[in-house]
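Report on the following structure.
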Amino acid sequence: MSPTSNNKAIRVKYPEMISIPEGDYILGISDDQIQHLVRTEMWATEWYEQDMFMSEQPQHVYHQKPFAIAKTPVTNIEYYAFIWTTGFRVPREWLGFHFPEGQDNHPVVGVSKQDADAYLEWINSQSNEKYRLPSEAEWECVARGGDARLYPWGEEFDPWRCNTVESGKRGTTEVGAYSPSGDSPFGVVDMAGNVWEWTCSLLKPYPYNPKDGREDSKGNGKFVIRGGSWYYSHKLARATCRESALHNFTSPALGFRLAKDL
């Protein structure tokens, strides 16, 4: 499909932003929550025995300044306007110059952090805004809503509330397809499953310290990705789960959403 065959794609669409209030938020998983998982989830025993929960500990209180976050991840149709305008490289998962038919409002995937940064530079030039990637702490604050829940909706996994491998979709779903039952307490969608999301934070141990260099978005190392995806088990879709990737890594299960200061 040629660029001229889809004129609606050249219209720049700005994200719907949700304001997140300043306050004290809980980050990380507690010993009690780990024991709960060990009792109720078969996979958790291996994680516990191999100390794989260590990266999510200690659980701690973090004071977060106010900010705004996009209600949804960046979609194919939004990213296509960027491709159209700039001639930037096309995600590997697209068919020629265009995303798969009927997936306008699916989250864009196959984008590296470098690609996300290029999109941010472009959309900021179009909007005179200062959009950025969320920090890891911001992402977790939004997903949990201020309490210690393990999923955006509560403590227990529910395959009817998100798109993980247990849902059997075998691909991305339209953003908000699981709303409102799968939304975070702030009304932010798809924070469990569908696609992993880039953050601007380098992977460093908890407790979270924004002044230790982890929020250097141009730094060297692996950047935290959050949320799990359609391709992975729900164990990685927990709001406390921390994974990471190099800035040039791409995956058909990895996208991003925008944030900005208030």
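Identifiers for the structure tokens are assigned positionally: chains receive A, B, ... in sequence, residues are indexed from 1 per chain, and ligands are indexed from 1 in the order shown.
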Considering only C-alpha atoms, give me a table of residues in segment 140-184 of chain A that are at most 9 Å from segment 190-201 of chain A, with the closest atom pair and distance in Å for each, as CSV.
```
residue,atom,partner,partner_atom,distance
A:Val142,CA,A:Met191,CA,8.5
A:Ala143,CA,A:Met191,CA,6.0
A:Tyr151,CA,A:Ala192,CA,7.0
A:Pro152,CA,A:Met191,CA,6.9
A:Arg161,CA,A:Ala192,CA,8.5
A:Cys162,CA,A:Gly193,CA,5.6
A:Asn163,CA,A:Gly193,CA,4.8
A:Thr164,CA,A:Gly193,CA,5.1
A:Val165,CA,A:Gly193,CA,8.6
A:Gly171,CA,A:Asn194,CA,7.9
A:Thr172,CA,A:Asn194,CA,5.5
A:Thr173,CA,A:Asn194,CA,6.5
A:Glu174,CA,A:Asn194,CA,8.7
A:Val175,CA,A:Asp190,CA,6.7
A:Gly176,CA,A:Asp190,CA,6.5
A:Ala177,CA,A:Asp190,CA,8.4
A:Tyr178,CA,A:Asp190,CA,7.5
A:Ser179,CA,A:Asp190,CA,8.3
A:Gly182,CA,A:Asp190,CA,7.0
A:Asp183,CA,A:Asp190,CA,6.6
A:Ser184,CA,A:Met191,CA,7.0
```
Write the residues you've just listed into a file as a CSV table (one decimal), in the first residue's frame, and include N, CA, C and O atoms for each of them.
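Dumped everything to again.csv:
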```
chain,number,residue,atom,x,y,z
A,142,VAL,N,1.6,4.8,38.2
A,142,VAL,CA,0.3,4.8,37.4
A,142,VAL,C,-0.4,3.4,37.4
A,142,VAL,O,-1.6,3.3,37.6
A,143,ALA,N,0.4,2.4,37.2
A,143,ALA,CA,-0.1,1.0,37.1
A,143,ALA,C,-0.8,0.6,38.4
A,143,ALA,O,-1.8,-0.1,38.4
A,151,TYR,N,-1.5,-6.1,40.1
A,151,TYR,CA,-2.0,-5.8,38.7
A,151,TYR,C,-2.8,-4.5,38.8
A,151,TYR,O,-3.3,-4.1,39.8
A,152,PRO,N,-3.0,-3.9,37.7
A,152,PRO,CA,-3.7,-2.6,37.7
A,152,PRO,C,-5.1,-2.7,38.3
A,152,PRO,O,-5.6,-1.7,38.8
A,161,ARG,N,-9.0,-9.5,31.7
A,161,ARG,CA,-8.7,-8.0,31.9
A,161,ARG,C,-7.5,-7.5,31.1
A,161,ARG,O,-7.2,-6.3,31.1
A,162,CYS,N,-6.8,-8.4,30.4
A,162,CYS,CA,-5.6,-8.0,29.7
A,162,CYS,C,-5.2,-9.0,28.6
A,162,CYS,O,-5.7,-10.1,28.6
A,163,ASN,N,-4.3,-8.6,27.7
A,163,ASN,CA,-3.9,-9.4,26.6
A,163,ASN,C,-2.5,-10.0,26.9
A,163,ASN,O,-1.5,-9.4,26.6
A,164,THR,N,-2.5,-11.2,27.5
A,164,THR,CA,-1.2,-11.9,27.7
A,164,THR,C,-1.4,-13.3,27.0
A,164,THR,O,-2.4,-13.5,26.4
A,165,VAL,N,-0.4,-14.1,27.0
A,165,VAL,CA,-0.4,-15.4,26.3
A,165,VAL,C,-1.6,-16.2,26.7
A,165,VAL,O,-2.2,-17.0,25.9
A,171,GLY,N,-1.4,-12.0,19.3
A,171,GLY,CA,-1.0,-10.7,18.7
A,171,GLY,C,-1.5,-9.6,19.5
A,171,GLY,O,-2.2,-9.8,20.5
A,172,THR,N,-1.2,-8.3,19.1
A,172,THR,CA,-1.7,-7.2,19.8
A,172,THR,C,-3.2,-7.0,19.6
A,172,THR,O,-3.8,-7.6,18.7
A,173,THR,N,-3.8,-6.3,20.5
A,173,THR,CA,-5.2,-6.0,20.5
A,173,THR,C,-5.3,-4.4,20.4
A,173,THR,O,-4.4,-3.7,20.8
A,174,GLU,N,-6.5,-3.9,20.0
A,174,GLU,CA,-6.7,-2.5,19.9
A,174,GLU,C,-6.5,-1.9,21.3
A,174,GLU,O,-7.0,-2.5,22.3
A,175,VAL,N,-5.9,-0.7,21.4
A,175,VAL,CA,-5.7,-0.1,22.7
A,175,VAL,C,-7.1,0.1,23.3
A,175,VAL,O,-8.0,0.5,22.7
A,176,GLY,N,-7.2,-0.2,24.6
A,176,GLY,CA,-8.4,0.0,25.3
A,176,GLY,C,-9.4,-1.1,25.1
A,176,GLY,O,-10.5,-1.0,25.6
A,177,ALA,N,-9.0,-2.2,24.5
A,177,ALA,CA,-9.9,-3.3,24.2
A,177,ALA,C,-10.4,-3.9,25.5
A,177,ALA,O,-11.5,-4.5,25.6
A,178,TYR,N,-9.6,-3.8,26.6
A,178,TYR,CA,-10.0,-4.4,27.9
A,178,TYR,C,-10.5,-3.3,28.9
A,178,TYR,O,-10.6,-3.6,30.1
A,179,SER,N,-10.9,-2.2,28.4
A,179,SER,CA,-11.4,-1.1,29.3
A,179,SER,C,-12.9,-1.3,29.5
A,179,SER,O,-13.6,-1.8,28.6
A,182,GLY,N,-9.8,-3.6,32.8
A,182,GLY,CA,-8.3,-3.8,32.9
A,182,GLY,C,-7.6,-2.5,33.1
A,182,GLY,O,-6.3,-2.5,33.2
A,183,ASP,N,-8.2,-1.4,33.3
A,183,ASP,CA,-7.6,-0.1,33.5
A,183,ASP,C,-6.9,0.0,34.8
A,183,ASP,O,-7.3,-0.6,35.8
A,184,SER,N,-5.9,0.9,34.9
A,184,SER,CA,-5.3,1.3,36.2
A,184,SER,C,-6.3,2.1,37.0
A,184,SER,O,-7.3,2.7,36.4
```
DSSP-assigned strand (DSSP E or B) among segment 14-114 of chain A, expressed as a PyMOL selection string: chain A and resi 17-20+23-27+60-64+67-70+75+95+98+107
Straight-line distance linking atom CA of Asn209 of chain A with atom CA of Tyr62 of chain A, stated in Å to one decimal: 8.8 Å
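Atom CA of Lys113 of chain A sits 4.8 Å away from atom CA of His247 of chain A.
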Selection: 12 Å around His36 of chain A, only C-alpha atoms, excl. self and same-chain fewer than 6 positions, as a PyMOL selection string: chain A and resi 29-30+42+44-45+48+150+155-156
File dump, residues just selected, N, CA, C and O atoms, as an mmCIF file, in the first residue's frame:
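Ended up saving to out-v7.cif:
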```cif
data_model
loop_
_atom_site.group_PDB
_atom_site.id
_atom_site.type_symbol
_atom_site.label_atom_id
_atom_site.label_comp_id
_atom_site.auth_asym_id
_atom_site.auth_seq_id
_atom_site.Cartn_x
_atom_site.Cartn_y
_atom_site.Cartn_z
ATOM 1 N N ILE A 29 7.750 -5.173 45.306
ATOM 2 C CA ILE A 29 6.936 -6.261 45.829
ATOM 3 C C ILE A 29 7.372 -6.604 47.244
ATOM 4 O O ILE A 29 8.559 -6.552 47.573
ATOM 5 N N SER A 30 6.426 -6.956 48.104
ATOM 6 C CA SER A 30 6.733 -7.279 49.497
ATOM 7 C C SER A 30 6.980 -8.778 49.658
ATOM 8 O O SER A 30 6.613 -9.589 48.798
ATOM 9 N N MET A 42 2.040 -21.491 40.137
ATOM 10 C CA MET A 42 3.030 -22.544 39.997
ATOM 11 C C MET A 42 4.420 -22.009 39.634
ATOM 12 O O MET A 42 5.436 -22.500 40.107
ATOM 13 N N ALA A 44 5.832 -19.276 40.477
ATOM 14 C CA ALA A 44 6.456 -18.414 41.486
ATOM 15 C C ALA A 44 7.454 -19.162 42.366
ATOM 16 O O ALA A 44 8.396 -18.552 42.893
ATOM 17 N N THR A 45 7.287 -20.463 42.537
ATOM 18 C CA THR A 45 8.227 -21.225 43.367
ATOM 19 C C THR A 45 9.627 -21.186 42.765
ATOM 20 O O THR A 45 10.619 -20.950 43.476
ATOM 21 N N TYR A 48 11.114 -17.766 43.230
ATOM 22 C CA TYR A 48 11.514 -17.565 44.621
ATOM 23 C C TYR A 48 12.807 -18.307 44.930
ATOM 24 O O TYR A 48 13.738 -17.740 45.526
ATOM 25 N N LEU A 150 -0.813 -5.914 42.733
ATOM 26 C CA LEU A 150 0.109 -6.574 41.807
ATOM 27 C C LEU A 150 -0.274 -6.372 40.348
ATOM 28 O O LEU A 150 0.579 -6.479 39.457
ATOM 29 N N GLU A 155 -5.100 -7.683 43.149
ATOM 30 C CA GLU A 155 -4.050 -8.619 43.555
ATOM 31 C C GLU A 155 -4.004 -9.888 42.712
ATOM 32 O O GLU A 155 -2.964 -10.538 42.643
ATOM 33 N N GLU A 156 -5.114 -10.270 42.086
ATOM 34 C CA GLU A 156 -5.181 -11.555 41.403
ATOM 35 C C GLU A 156 -5.217 -11.370 39.887
ATOM 36 O O GLU A 156 -5.881 -10.477 39.363
#
```
